[in-house]
>>> print(open('input-v2.txt').read())   # compact mmCIF, N, CA and C atoms
# COMPACT_ATOMS: atom_id res chain seq x y z
N MET A 1 209.75 157.59 78.85
CA MET A 1 208.77 157.76 79.89
C MET A 1 207.36 157.65 79.32
N GLY A 2 207.14 158.35 78.19
CA GLY A 2 205.82 158.30 77.56
C GLY A 2 205.46 156.91 77.10
N THR A 3 206.44 156.18 76.58
CA THR A 3 206.18 154.82 76.10
C THR A 3 205.79 153.91 77.26
N LEU A 4 206.44 154.07 78.40
CA LEU A 4 206.08 153.26 79.57
C LEU A 4 204.66 153.57 80.04
N ALA A 5 204.31 154.85 80.04
CA ALA A 5 202.95 155.24 80.42
C ALA A 5 201.94 154.67 79.43
N LEU A 6 202.29 154.69 78.14
CA LEU A 6 201.41 154.14 77.12
C LEU A 6 201.19 152.64 77.33
N LEU A 7 202.25 151.90 77.60
CA LEU A 7 202.13 150.46 77.84
C LEU A 7 201.24 150.18 79.05
N ALA A 8 201.42 150.97 80.11
CA ALA A 8 200.59 150.79 81.31
C ALA A 8 199.13 151.11 80.99
N ALA A 9 198.88 152.15 80.21
CA ALA A 9 197.51 152.52 79.87
C ALA A 9 196.86 151.47 78.97
N GLU A 10 197.63 150.88 78.07
CA GLU A 10 197.08 149.81 77.22
C GLU A 10 196.68 148.60 78.06
N THR A 11 197.47 148.29 79.06
CA THR A 11 197.13 147.20 79.98
C THR A 11 195.87 147.55 80.78
N LEU A 12 195.77 148.80 81.20
CA LEU A 12 194.61 149.24 81.97
C LEU A 12 193.32 149.18 81.15
N VAL A 13 193.38 149.55 79.88
CA VAL A 13 192.15 149.51 79.08
C VAL A 13 191.72 148.06 78.83
N ASP A 14 192.69 147.15 78.70
CA ASP A 14 192.33 145.73 78.59
C ASP A 14 191.68 145.25 79.89
N SER A 15 192.24 145.69 81.01
CA SER A 15 191.67 145.33 82.32
C SER A 15 190.28 145.92 82.49
N ALA A 16 190.09 147.13 82.00
CA ALA A 16 188.77 147.77 82.07
C ALA A 16 187.73 146.98 81.28
N ASP A 17 188.14 146.42 80.14
CA ASP A 17 187.22 145.57 79.36
C ASP A 17 186.81 144.35 80.17
N VAL A 18 187.78 143.73 80.84
CA VAL A 18 187.47 142.56 81.66
C VAL A 18 186.51 142.95 82.78
N LEU A 19 186.79 144.05 83.45
CA LEU A 19 185.90 144.51 84.52
C LEU A 19 184.51 144.86 83.99
N GLY A 20 184.45 145.46 82.81
CA GLY A 20 183.17 145.77 82.20
C GLY A 20 182.37 144.51 81.91
N GLY A 21 183.04 143.48 81.40
CA GLY A 21 182.37 142.21 81.14
C GLY A 21 181.87 141.56 82.42
N LEU A 22 182.69 141.61 83.47
CA LEU A 22 182.28 141.05 84.76
C LEU A 22 181.08 141.80 85.34
N CYS A 23 181.11 143.12 85.24
CA CYS A 23 179.98 143.93 85.74
C CYS A 23 178.72 143.63 84.96
N CYS A 24 178.85 143.55 83.66
CA CYS A 24 177.68 143.27 82.83
C CYS A 24 177.08 141.92 83.21
N ASP A 25 177.92 140.94 83.40
CA ASP A 25 177.45 139.60 83.77
C ASP A 25 176.83 139.61 85.17
N ALA A 26 177.53 140.22 86.13
CA ALA A 26 177.05 140.24 87.52
C ALA A 26 175.73 141.00 87.65
N LEU A 27 175.54 142.03 86.84
CA LEU A 27 174.31 142.82 86.90
C LEU A 27 173.24 142.29 85.94
N LYS A 28 173.50 141.10 85.41
CA LYS A 28 172.57 140.44 84.49
C LYS A 28 172.21 141.34 83.30
N GLY A 29 173.27 141.95 82.75
CA GLY A 29 173.08 142.81 81.60
C GLY A 29 172.97 142.01 80.32
N THR A 30 172.41 142.64 79.32
CA THR A 30 172.29 141.99 78.02
C THR A 30 173.54 142.23 77.18
N ASP A 31 173.85 141.28 76.35
CA ASP A 31 174.99 141.45 75.45
C ASP A 31 174.55 142.02 74.10
N ALA A 32 173.27 142.34 73.96
CA ALA A 32 172.75 142.87 72.69
C ALA A 32 173.44 144.17 72.29
N ALA A 33 173.83 144.96 73.26
CA ALA A 33 174.49 146.24 72.96
C ALA A 33 175.89 146.05 72.39
N PHE A 34 176.40 144.84 72.42
CA PHE A 34 177.75 144.57 71.93
C PHE A 34 177.74 143.90 70.57
N ASP A 35 176.57 143.84 69.96
CA ASP A 35 176.40 143.22 68.64
C ASP A 35 177.35 143.86 67.63
N GLU A 36 178.05 143.02 66.92
CA GLU A 36 179.06 143.49 65.96
C GLU A 36 178.48 144.46 64.94
N ARG A 37 177.26 144.22 64.49
CA ARG A 37 176.64 145.08 63.47
C ARG A 37 176.47 146.51 63.95
N ILE A 38 176.16 146.67 65.22
CA ILE A 38 175.99 148.01 65.79
C ILE A 38 177.29 148.79 65.70
N HIS A 39 178.37 148.13 66.04
CA HIS A 39 179.66 148.81 66.12
C HIS A 39 180.31 148.99 64.76
N LYS A 40 179.98 148.16 63.81
CA LYS A 40 180.49 148.35 62.46
C LYS A 40 179.78 149.50 61.75
N ALA A 41 178.57 149.85 62.22
CA ALA A 41 177.85 150.97 61.63
C ALA A 41 178.57 152.30 61.91
N ARG A 42 179.25 152.38 63.03
CA ARG A 42 180.08 153.55 63.37
C ARG A 42 181.46 153.00 63.68
N PRO A 43 182.24 152.73 62.66
CA PRO A 43 183.44 151.89 62.80
C PRO A 43 184.65 152.55 63.47
N HIS A 44 184.50 152.88 64.72
CA HIS A 44 185.66 153.33 65.49
C HIS A 44 186.39 152.07 65.94
N SER A 45 187.65 151.96 65.59
CA SER A 45 188.37 150.70 65.81
C SER A 45 188.44 150.30 67.28
N GLY A 46 188.63 151.26 68.18
CA GLY A 46 188.67 150.93 69.61
C GLY A 46 187.35 150.40 70.11
N GLN A 47 186.27 151.00 69.66
CA GLN A 47 184.92 150.58 70.04
C GLN A 47 184.65 149.17 69.54
N ILE A 48 185.05 148.88 68.31
CA ILE A 48 184.86 147.54 67.74
C ILE A 48 185.64 146.51 68.54
N LYS A 49 186.87 146.86 68.91
CA LYS A 49 187.73 145.95 69.68
C LYS A 49 187.12 145.66 71.06
N THR A 50 186.66 146.70 71.76
CA THR A 50 186.08 146.49 73.08
C THR A 50 184.80 145.68 73.00
N ALA A 51 183.94 145.98 72.02
CA ALA A 51 182.70 145.21 71.86
C ALA A 51 183.02 143.74 71.60
N ALA A 52 184.03 143.48 70.78
CA ALA A 52 184.44 142.09 70.51
C ALA A 52 184.96 141.42 71.78
N ASN A 53 185.74 142.16 72.57
CA ASN A 53 186.23 141.61 73.84
C ASN A 53 185.07 141.24 74.75
N LEU A 54 184.08 142.12 74.84
CA LEU A 54 182.93 141.87 75.71
C LEU A 54 182.11 140.67 75.22
N ARG A 55 181.90 140.59 73.92
CA ARG A 55 181.17 139.43 73.38
C ARG A 55 181.89 138.13 73.70
N LYS A 56 183.20 138.15 73.54
CA LYS A 56 183.99 136.95 73.81
C LYS A 56 183.92 136.56 75.29
N MET A 57 184.01 137.55 76.17
CA MET A 57 183.97 137.27 77.60
C MET A 57 182.61 136.77 78.06
N LEU A 58 181.55 137.29 77.45
CA LEU A 58 180.20 136.91 77.88
C LEU A 58 179.67 135.66 77.16
N GLU A 59 180.41 135.22 76.15
CA GLU A 59 179.99 134.03 75.40
C GLU A 59 179.92 132.81 76.32
N GLY A 60 178.79 132.15 76.31
CA GLY A 60 178.62 130.95 77.11
C GLY A 60 178.37 131.21 78.58
N SER A 61 178.13 132.45 78.96
CA SER A 61 177.90 132.78 80.36
C SER A 61 176.58 132.16 80.83
N GLN A 62 176.64 131.38 81.89
CA GLN A 62 175.43 130.79 82.46
C GLN A 62 174.55 131.86 83.09
N ILE A 63 175.18 132.89 83.65
CA ILE A 63 174.40 133.99 84.22
C ILE A 63 173.61 134.67 83.11
N ARG A 64 174.28 134.96 82.02
CA ARG A 64 173.63 135.63 80.88
C ARG A 64 172.47 134.79 80.36
N GLU A 65 172.70 133.52 80.19
CA GLU A 65 171.66 132.64 79.66
C GLU A 65 170.47 132.53 80.62
N SER A 66 170.70 132.66 81.93
CA SER A 66 169.63 132.50 82.92
C SER A 66 168.58 133.60 82.83
N HIS A 67 168.90 134.71 82.19
CA HIS A 67 167.92 135.80 82.11
C HIS A 67 167.78 136.35 80.69
N ARG A 68 168.15 135.56 79.71
CA ARG A 68 168.07 136.00 78.31
C ARG A 68 166.65 136.42 77.93
N GLU A 69 165.65 135.75 78.43
CA GLU A 69 164.25 136.05 78.09
C GLU A 69 163.53 136.76 79.23
N CYS A 70 164.23 137.60 79.96
CA CYS A 70 163.62 138.24 81.14
C CYS A 70 162.63 139.34 80.78
N GLY A 71 162.65 139.84 79.58
CA GLY A 71 161.67 140.84 79.17
C GLY A 71 162.12 142.28 79.34
N ARG A 72 163.27 142.49 79.96
CA ARG A 72 163.77 143.86 80.07
C ARG A 72 164.14 144.38 78.69
N VAL A 73 163.80 145.60 78.42
CA VAL A 73 164.10 146.17 77.10
C VAL A 73 165.57 146.53 76.99
N GLN A 74 166.13 147.11 78.03
CA GLN A 74 167.53 147.51 77.99
C GLN A 74 168.13 147.55 79.38
N ASP A 75 169.45 147.64 79.40
CA ASP A 75 170.21 147.72 80.64
C ASP A 75 170.48 149.17 80.99
N ALA A 76 171.19 149.33 82.07
CA ALA A 76 171.67 150.66 82.44
C ALA A 76 172.58 151.19 81.33
N TYR A 77 172.48 152.47 81.09
CA TYR A 77 173.28 153.11 80.04
C TYR A 77 174.77 152.87 80.26
N SER A 78 175.18 152.84 81.52
CA SER A 78 176.59 152.64 81.84
C SER A 78 177.11 151.29 81.33
N LEU A 79 176.25 150.29 81.23
CA LEU A 79 176.66 148.99 80.68
C LEU A 79 176.65 149.03 79.16
N ARG A 80 175.63 149.63 78.60
CA ARG A 80 175.50 149.64 77.14
C ARG A 80 176.57 150.47 76.46
N CYS A 81 177.10 151.47 77.15
CA CYS A 81 178.07 152.35 76.50
C CYS A 81 179.53 151.96 76.77
N ILE A 82 179.77 150.82 77.36
CA ILE A 82 181.15 150.38 77.63
C ILE A 82 181.99 150.40 76.36
N PRO A 83 181.53 149.84 75.24
CA PRO A 83 182.37 149.88 74.03
C PRO A 83 182.71 151.29 73.56
N GLN A 84 181.76 152.21 73.66
CA GLN A 84 182.01 153.57 73.21
C GLN A 84 183.02 154.28 74.12
N VAL A 85 182.89 154.10 75.42
CA VAL A 85 183.78 154.78 76.37
C VAL A 85 185.18 154.16 76.32
N HIS A 86 185.25 152.85 76.47
CA HIS A 86 186.57 152.19 76.43
C HIS A 86 187.18 152.34 75.04
N GLY A 87 186.34 152.30 74.03
CA GLY A 87 186.83 152.44 72.65
C GLY A 87 187.48 153.79 72.40
N ALA A 88 186.90 154.85 72.97
CA ALA A 88 187.49 156.18 72.81
C ALA A 88 188.87 156.21 73.45
N VAL A 89 189.01 155.55 74.58
CA VAL A 89 190.32 155.47 75.24
C VAL A 89 191.29 154.68 74.35
N ARG A 90 190.83 153.56 73.81
CA ARG A 90 191.68 152.76 72.92
C ARG A 90 192.14 153.57 71.71
N ASP A 91 191.23 154.33 71.12
CA ASP A 91 191.59 155.14 69.95
C ASP A 91 192.61 156.22 70.30
N THR A 92 192.45 156.82 71.47
CA THR A 92 193.41 157.83 71.93
C THR A 92 194.78 157.20 72.15
N LEU A 93 194.80 156.03 72.76
CA LEU A 93 196.08 155.33 72.98
C LEU A 93 196.71 154.91 71.66
N ALA A 94 195.90 154.51 70.70
CA ALA A 94 196.43 154.13 69.38
C ALA A 94 197.09 155.35 68.71
N HIS A 95 196.46 156.51 68.86
CA HIS A 95 197.07 157.73 68.31
C HIS A 95 198.40 158.03 69.01
N CYS A 96 198.41 157.90 70.33
CA CYS A 96 199.66 158.12 71.08
C CYS A 96 200.75 157.15 70.61
N ARG A 97 200.39 155.90 70.44
CA ARG A 97 201.35 154.90 69.97
C ARG A 97 201.91 155.29 68.60
N GLU A 98 201.04 155.73 67.72
CA GLU A 98 201.47 156.13 66.37
C GLU A 98 202.46 157.29 66.44
N VAL A 99 202.15 158.29 67.26
CA VAL A 99 203.04 159.44 67.40
C VAL A 99 204.37 159.00 68.01
N PHE A 100 204.33 158.18 69.06
CA PHE A 100 205.57 157.72 69.68
C PHE A 100 206.42 156.92 68.70
N GLU A 101 205.78 156.10 67.89
CA GLU A 101 206.54 155.31 66.92
C GLU A 101 207.19 156.19 65.87
N ILE A 102 206.50 157.25 65.48
CA ILE A 102 207.07 158.18 64.51
C ILE A 102 208.22 158.96 65.12
N GLU A 103 208.02 159.44 66.31
CA GLU A 103 208.98 160.35 66.94
C GLU A 103 210.16 159.65 67.62
N ARG A 104 210.09 158.35 67.81
CA ARG A 104 211.18 157.68 68.54
C ARG A 104 212.47 157.64 67.74
N THR A 105 212.38 157.76 66.42
CA THR A 105 213.56 157.74 65.58
C THR A 105 213.92 159.17 65.19
N PRO A 106 215.08 159.66 65.64
CA PRO A 106 215.47 161.01 65.25
C PRO A 106 215.62 161.11 63.73
N ARG A 107 215.14 162.20 63.17
CA ARG A 107 215.23 162.40 61.73
C ARG A 107 215.65 163.84 61.46
N TRP A 108 216.22 164.05 60.31
CA TRP A 108 216.49 165.41 59.87
C TRP A 108 215.94 165.54 58.47
N THR A 109 215.54 166.75 58.15
CA THR A 109 214.95 167.03 56.85
C THR A 109 215.52 168.33 56.32
N ILE A 110 215.93 168.32 55.07
CA ILE A 110 216.39 169.55 54.42
C ILE A 110 215.59 169.72 53.14
N LEU A 111 215.05 170.91 52.93
CA LEU A 111 214.31 171.23 51.71
C LEU A 111 215.24 171.99 50.77
N TRP A 112 215.27 171.56 49.54
CA TRP A 112 216.05 172.27 48.53
C TRP A 112 215.07 172.85 47.53
N SER A 113 215.15 174.13 47.31
CA SER A 113 214.28 174.81 46.36
C SER A 113 215.08 175.10 45.11
N SER A 114 214.49 174.91 43.94
CA SER A 114 215.21 175.12 42.68
C SER A 114 215.38 176.60 42.35
N SER A 115 214.51 177.44 42.86
CA SER A 115 214.70 178.86 42.59
C SER A 115 214.22 179.68 43.78
N PRO A 116 214.99 180.45 44.42
CA PRO A 116 216.44 180.45 44.28
C PRO A 116 217.05 179.24 44.98
N THR A 117 218.21 178.85 44.59
CA THR A 117 218.86 177.69 45.18
C THR A 117 219.32 178.04 46.59
N ARG A 118 218.72 177.39 47.54
CA ARG A 118 219.11 177.60 48.95
C ARG A 118 218.65 176.42 49.78
N ARG A 119 219.29 176.25 50.88
CA ARG A 119 218.96 175.18 51.81
C ARG A 119 218.06 175.74 52.90
N VAL A 120 216.97 175.00 53.23
CA VAL A 120 216.03 175.43 54.25
C VAL A 120 215.96 174.33 55.32
N PRO A 121 216.66 174.49 56.45
CA PRO A 121 216.60 173.46 57.48
C PRO A 121 215.22 173.41 58.13
N GLN A 122 214.81 172.22 58.52
CA GLN A 122 213.50 172.00 59.11
C GLN A 122 213.62 171.27 60.43
N ALA A 123 212.57 171.31 61.22
CA ALA A 123 212.49 170.52 62.44
C ALA A 123 211.34 169.54 62.32
N THR A 124 210.98 169.21 61.11
CA THR A 124 209.85 168.33 60.85
C THR A 124 210.30 166.89 60.84
N SER A 125 209.52 166.02 61.48
CA SER A 125 209.88 164.62 61.57
C SER A 125 209.47 163.82 60.35
N SER A 126 208.40 164.24 59.69
CA SER A 126 207.89 163.43 58.60
C SER A 126 207.97 164.17 57.27
N PRO A 127 208.88 163.77 56.39
CA PRO A 127 208.95 164.42 55.08
C PRO A 127 207.71 164.14 54.23
N ALA A 128 207.05 163.03 54.48
CA ALA A 128 205.84 162.73 53.71
C ALA A 128 204.76 163.77 53.97
N GLU A 129 204.66 164.24 55.19
CA GLU A 129 203.66 165.26 55.50
C GLU A 129 203.95 166.56 54.75
N ILE A 130 205.22 166.92 54.66
CA ILE A 130 205.60 168.15 53.95
C ILE A 130 205.31 168.00 52.46
N SER A 131 205.70 166.87 51.89
CA SER A 131 205.50 166.69 50.45
C SER A 131 204.04 166.61 50.09
N THR A 132 203.22 166.07 50.97
CA THR A 132 201.79 166.01 50.71
C THR A 132 201.16 167.39 50.84
N ALA A 133 201.60 168.14 51.83
CA ALA A 133 201.04 169.47 52.05
C ALA A 133 201.49 170.47 51.00
N ASN A 134 202.70 170.30 50.45
CA ASN A 134 203.22 171.23 49.47
C ASN A 134 203.94 170.47 48.36
N PRO A 135 203.19 169.87 47.44
CA PRO A 135 203.81 169.03 46.41
C PRO A 135 204.37 169.83 45.24
N SER A 136 204.93 170.98 45.50
CA SER A 136 205.49 171.83 44.46
C SER A 136 206.62 171.11 43.74
N PRO A 137 206.64 171.17 42.38
CA PRO A 137 207.71 170.49 41.64
C PRO A 137 209.08 171.13 41.85
N SER A 138 209.11 172.35 42.40
CA SER A 138 210.41 173.00 42.63
C SER A 138 211.01 172.62 43.97
N LEU A 139 210.37 171.70 44.68
CA LEU A 139 210.83 171.30 46.01
C LEU A 139 211.25 169.84 46.01
N TRP A 140 212.40 169.55 46.57
CA TRP A 140 212.82 168.16 46.78
C TRP A 140 213.06 167.96 48.26
N ILE A 141 212.69 166.81 48.74
CA ILE A 141 212.82 166.55 50.16
C ILE A 141 213.82 165.42 50.37
N PHE A 142 214.77 165.67 51.23
CA PHE A 142 215.75 164.65 51.57
C PHE A 142 215.63 164.38 53.06
N SER A 143 215.47 163.13 53.39
CA SER A 143 215.33 162.79 54.80
C SER A 143 216.12 161.53 55.09
N ALA A 144 216.72 161.48 56.25
CA ALA A 144 217.47 160.28 56.62
C ALA A 144 217.45 160.11 58.13
N SER A 145 217.46 158.90 58.56
CA SER A 145 217.56 158.63 59.99
C SER A 145 218.96 158.93 60.44
N LEU A 146 219.09 159.50 61.61
CA LEU A 146 220.43 159.76 62.17
C LEU A 146 220.98 158.53 62.80
>>> encode(input="input-v2.txt", output="structure tokens")
Amino acid sequence: MGTLALLAAETLVDSADVLGGLCCDALKGTDAAFDERIHKARPHSGQIKTAANLRKMLEGSQIRESHRECGRVQDAYSLRCIPQVHGAVRDTLAHCREVFEIERTPRWTILWSSSPTRRVPQATSSPAEISTANPSPSLWIFSASL
């Protein structure tokens, strides 16, 4: 169920980028706010992706070119912040995708301690997280997909 919702949301954020590009063009907005250098300075991957989508959509726009030298300093904030807003959604969806991909495969983990010798059952999905958090030499981690 979550994966289906994720796929629908990923489609919606792509559609939102298209709508943002259309709005920017229709409202004679500038594409300066989508400059790659701006977004690489604060390299949120979703923001970079949305800015790239907007640049690509507005590339060669006759509407855009018709007012390139209009003298306006900036557009409405709602147009300029499209990459940041849509990008935050993209980053959230990317995190959801990562969690779903990790959790979709059932796993079991057993910790064996050398002193005293005993088995400690876990409900943890990622043995790498446990070993990184507690890299004690007296601990061995065994994990296998079911």
>>> closest_residue(input="input-v2.txt", among="A:Ala51, A:Val99, A:Ala41, A:Ala32", to="A:Ile82", atoms="only N, CA and C atoms")
A:Ala51
>>> closest_residue(input="input-v2.txt", among="A:Ala26, A:Glu36, A:Cys81, A:Val89", to="A:Ala9", atoms="only N, CA and C atoms")
A:Val89
>>> atom_distance(input="input-v2.txt", atom1="atom CA of A:Ile38", atom2="atom CA of A:Asp75")
15.9 Å
>>> residues_around(input="input-v2.txt", residues="A:Ala88", least_positions_apart="4", cutoff="8 Å", atoms="all atoms listed in the file", output="ChimeraX atom specification")
/A:44-48,82-84,92-94
>>> select_by_dssp(input="input-v2.txt", residues="stretch 14-66 of chain A", states="alpha helix (DSSP H)", output="count of residues only")
38
>>> atom_distance(input="input-v2.txt", atom1="atom N of A:Arg104", atom2="atom N of A:Pro43")
28.9 Å
>>> atom_distance(input="input-v2.txt", atom1="atom CA of A:Ala5", atom2="atom CA of A:Val85")
19.6 Å
>>> closest_residue(input="input-v2.txt", among="A:Thr30, A:Leu7, A:Glu103, A:Lys49", to="A:Gly71", atoms="only C-alpha atoms")
A:Thr30
>>> closest_residue(input="input-v2.txt", among="A:Ala52, A:Leu58, A:Val13, A:Leu6", to="A:Asp35", atoms="only N, CA and C atoms")
A:Ala52
>>> residues_around(input="input-v2.txt", residues="A:Cys23", least_positions_apart="4", cutoff="8 Å", atoms="only C-alpha atoms", output="ChimeraX atom specification")
/A:19,27,79
>>> closest_residue(input="input-v2.txt", among="A:Gly29, A:Thr11, A:Arg42, A:His95", to="A:Ser78", atoms="only C-alpha atoms")
A:Gly29
>>> decode(input="input-v2.txt", residues="stretch 17-108 of chain A", atoms="C-alpha atoms", output="PDB file, in the first residue's frame")
ATOM      1  CA  ASP A  17       7.141  20.588 -11.767  1.00  0.00           C
ATOM      2  CA  VAL A  18       5.377  20.742 -15.126  1.00  0.00           C
ATOM      3  CA  LEU A  19       2.633  22.938 -13.681  1.00  0.00           C
ATOM      4  CA  GLY A  20       5.241  25.156 -12.024  1.00  0.00           C
ATOM      5  CA  GLY A  21       7.026  25.604 -15.350  1.00  0.00           C
ATOM      6  CA  LEU A  22       3.760  26.427 -17.105  1.00  0.00           C
ATOM      7  CA  CYS A  23       2.822  28.962 -14.412  1.00  0.00           C
ATOM      8  CA  CYS A  24       6.225  30.579 -14.554  1.00  0.00           C
ATOM      9  CA  ASP A  25       5.982  30.899 -18.327  1.00  0.00           C
ATOM     10  CA  ALA A  26       2.354  32.096 -18.329  1.00  0.00           C
ATOM     11  CA  LEU A  27       3.104  34.714 -15.666  1.00  0.00           C
ATOM     12  CA  LYS A  28       6.191  35.834 -17.583  1.00  0.00           C
ATOM     13  CA  GLY A  29       8.470  34.793 -14.761  1.00  0.00           C
ATOM     14  CA  THR A  30      12.218  34.790 -14.964  1.00  0.00           C
ATOM     15  CA  ASP A  31      14.210  31.596 -15.075  1.00  0.00           C
ATOM     16  CA  ALA A  32      17.102  33.237 -13.198  1.00  0.00           C
ATOM     17  CA  ALA A  33      15.915  31.696  -9.933  1.00  0.00           C
ATOM     18  CA  PHE A  34      16.481  28.240 -11.424  1.00  0.00           C
ATOM     19  CA  ASP A  35      20.163  28.831 -12.192  1.00  0.00           C
ATOM     20  CA  GLU A  36      22.129  25.667 -11.492  1.00  0.00           C
ATOM     21  CA  ARG A  37      24.779  27.549  -9.479  1.00  0.00           C
ATOM     22  CA  ILE A  38      22.192  28.765  -6.980  1.00  0.00           C
ATOM     23  CA  HIS A  39      20.964  25.273  -6.274  1.00  0.00           C
ATOM     24  CA  LYS A  40      24.387  23.671  -6.112  1.00  0.00           C
ATOM     25  CA  ALA A  41      25.309  26.157  -3.369  1.00  0.00           C
ATOM     26  CA  ARG A  42      22.729  24.414  -1.146  1.00  0.00           C
ATOM     27  CA  PRO A  43      22.834  20.971  -2.705  1.00  0.00           C
ATOM     28  CA  HIS A  44      19.535  19.409  -1.754  1.00  0.00           C
ATOM     29  CA  SER A  45      19.082  16.749  -4.421  1.00  0.00           C
ATOM     30  CA  GLY A  46      15.328  17.264  -4.849  1.00  0.00           C
ATOM     31  CA  GLN A  47      15.774  21.008  -5.233  1.00  0.00           C
ATOM     32  CA  ILE A  48      18.507  20.500  -7.840  1.00  0.00           C
ATOM     33  CA  LYS A  49      16.289  18.060  -9.758  1.00  0.00           C
ATOM     34  CA  THR A  50      13.278  20.404  -9.785  1.00  0.00           C
ATOM     35  CA  ALA A  51      15.389  23.413 -10.820  1.00  0.00           C
ATOM     36  CA  ALA A  52      16.840  21.334 -13.676  1.00  0.00           C
ATOM     37  CA  ASN A  53      13.336  20.273 -14.728  1.00  0.00           C
ATOM     38  CA  LEU A  54      12.189  23.901 -14.769  1.00  0.00           C
ATOM     39  CA  ARG A  55      15.224  25.060 -16.764  1.00  0.00           C
ATOM     40  CA  LYS A  56      14.623  22.323 -19.301  1.00  0.00           C
ATOM     41  CA  MET A  57      10.921  23.153 -19.629  1.00  0.00           C
ATOM     42  CA  LEU A  58      11.520  26.886 -20.003  1.00  0.00           C
ATOM     43  CA  GLU A  59      14.431  26.477 -22.419  1.00  0.00           C
ATOM     44  CA  GLY A  60      13.590  28.092 -25.737  1.00  0.00           C
ATOM     45  CA  SER A  61      10.307  29.537 -24.480  1.00  0.00           C
ATOM     46  CA  GLN A  62       9.150  32.335 -26.774  1.00  0.00           C
ATOM     47  CA  ILE A  63       7.136  33.807 -23.911  1.00  0.00           C
ATOM     48  CA  ARG A  64      10.241  33.900 -21.727  1.00  0.00           C
ATOM     49  CA  GLU A  65      12.335  35.485 -24.446  1.00  0.00           C
ATOM     50  CA  SER A  66       9.658  38.146 -25.123  1.00  0.00           C
ATOM     51  CA  HIS A  67      10.253  39.742 -21.725  1.00  0.00           C
ATOM     52  CA  ARG A  68      13.839  38.797 -20.883  1.00  0.00           C
ATOM     53  CA  GLU A  69      14.857  42.487 -20.771  1.00  0.00           C
ATOM     54  CA  CYS A  70      11.693  43.808 -19.118  1.00  0.00           C
ATOM     55  CA  GLY A  71      13.569  45.372 -16.208  1.00  0.00           C
ATOM     56  CA  ARG A  72      11.744  43.600 -13.399  1.00  0.00           C
ATOM     57  CA  VAL A  73      14.148  42.722 -10.622  1.00  0.00           C
ATOM     58  CA  GLN A  74      12.340  39.591  -9.485  1.00  0.00           C
ATOM     59  CA  ASP A  75       9.178  37.547  -9.742  1.00  0.00           C
ATOM     60  CA  ALA A  76       6.645  36.578  -7.165  1.00  0.00           C
ATOM     61  CA  TYR A  77       8.207  34.574  -4.356  1.00  0.00           C
ATOM     62  CA  SER A  78       5.847  31.700  -5.145  1.00  0.00           C
ATOM     63  CA  LEU A  79       7.553  31.289  -8.544  1.00  0.00           C
ATOM     64  CA  ARG A  80      11.104  31.693  -7.293  1.00  0.00           C
ATOM     65  CA  CYS A  81      10.718  29.118  -4.533  1.00  0.00           C
ATOM     66  CA  ILE A  82       9.302  26.299  -6.692  1.00  0.00           C
ATOM     67  CA  PRO A  83      12.591  24.324  -6.586  1.00  0.00           C
ATOM     68  CA  GLN A  84      12.837  24.611  -2.801  1.00  0.00           C
ATOM     69  CA  VAL A  85       9.223  23.582  -2.164  1.00  0.00           C
ATOM     70  CA  HIS A  86       8.999  20.801  -4.743  1.00  0.00           C
ATOM     71  CA  GLY A  87      12.537  19.751  -3.856  1.00  0.00           C
ATOM     72  CA  ALA A  88      11.624  19.248  -0.206  1.00  0.00           C
ATOM     73  CA  VAL A  89       8.797  16.977  -1.338  1.00  0.00           C
ATOM     74  CA  ARG A  90      11.192  15.083  -3.624  1.00  0.00           C
ATOM     75  CA  ASP A  91      13.676  14.611  -0.772  1.00  0.00           C
ATOM     76  CA  THR A  92      10.930  13.324   1.524  1.00  0.00           C
ATOM     77  CA  LEU A  93       9.765  10.875  -1.133  1.00  0.00           C
ATOM     78  CA  ALA A  94      13.358   9.733  -1.707  1.00  0.00           C
ATOM     79  CA  HIS A  95      13.654   8.984   2.017  1.00  0.00           C
ATOM     80  CA  CYS A  96      10.367   7.047   1.908  1.00  0.00           C
ATOM     81  CA  ARG A  97      11.613   5.077  -1.090  1.00  0.00           C
ATOM     82  CA  GLU A  98      14.845   4.232   0.734  1.00  0.00           C
ATOM     83  CA  VAL A  99      12.966   3.006   3.807  1.00  0.00           C
ATOM     84  CA  PHE A 100      10.521   0.972   1.707  1.00  0.00           C
ATOM     85  CA  GLU A 101      13.371  -0.633  -0.207  1.00  0.00           C
ATOM     86  CA  ILE A 102      15.104  -1.574   3.030  1.00  0.00           C
ATOM     87  CA  GLU A 103      11.992  -2.865   4.739  1.00  0.00           C
ATOM     88  CA  ARG A 104      10.432  -4.752   1.826  1.00  0.00           C
ATOM     89  CA  THR A 105      12.764  -7.703   2.367  1.00  0.00           C
ATOM     90  CA  PRO A 106      12.118  -9.544   5.634  1.00  0.00           C
ATOM     91  CA  ARG A 107      15.335 -10.007   7.601  1.00  0.00           C
ATOM     92  CA  TRP A 108      16.348 -11.544  10.868  1.00  0.00           C
TER      93      TRP A 108
END
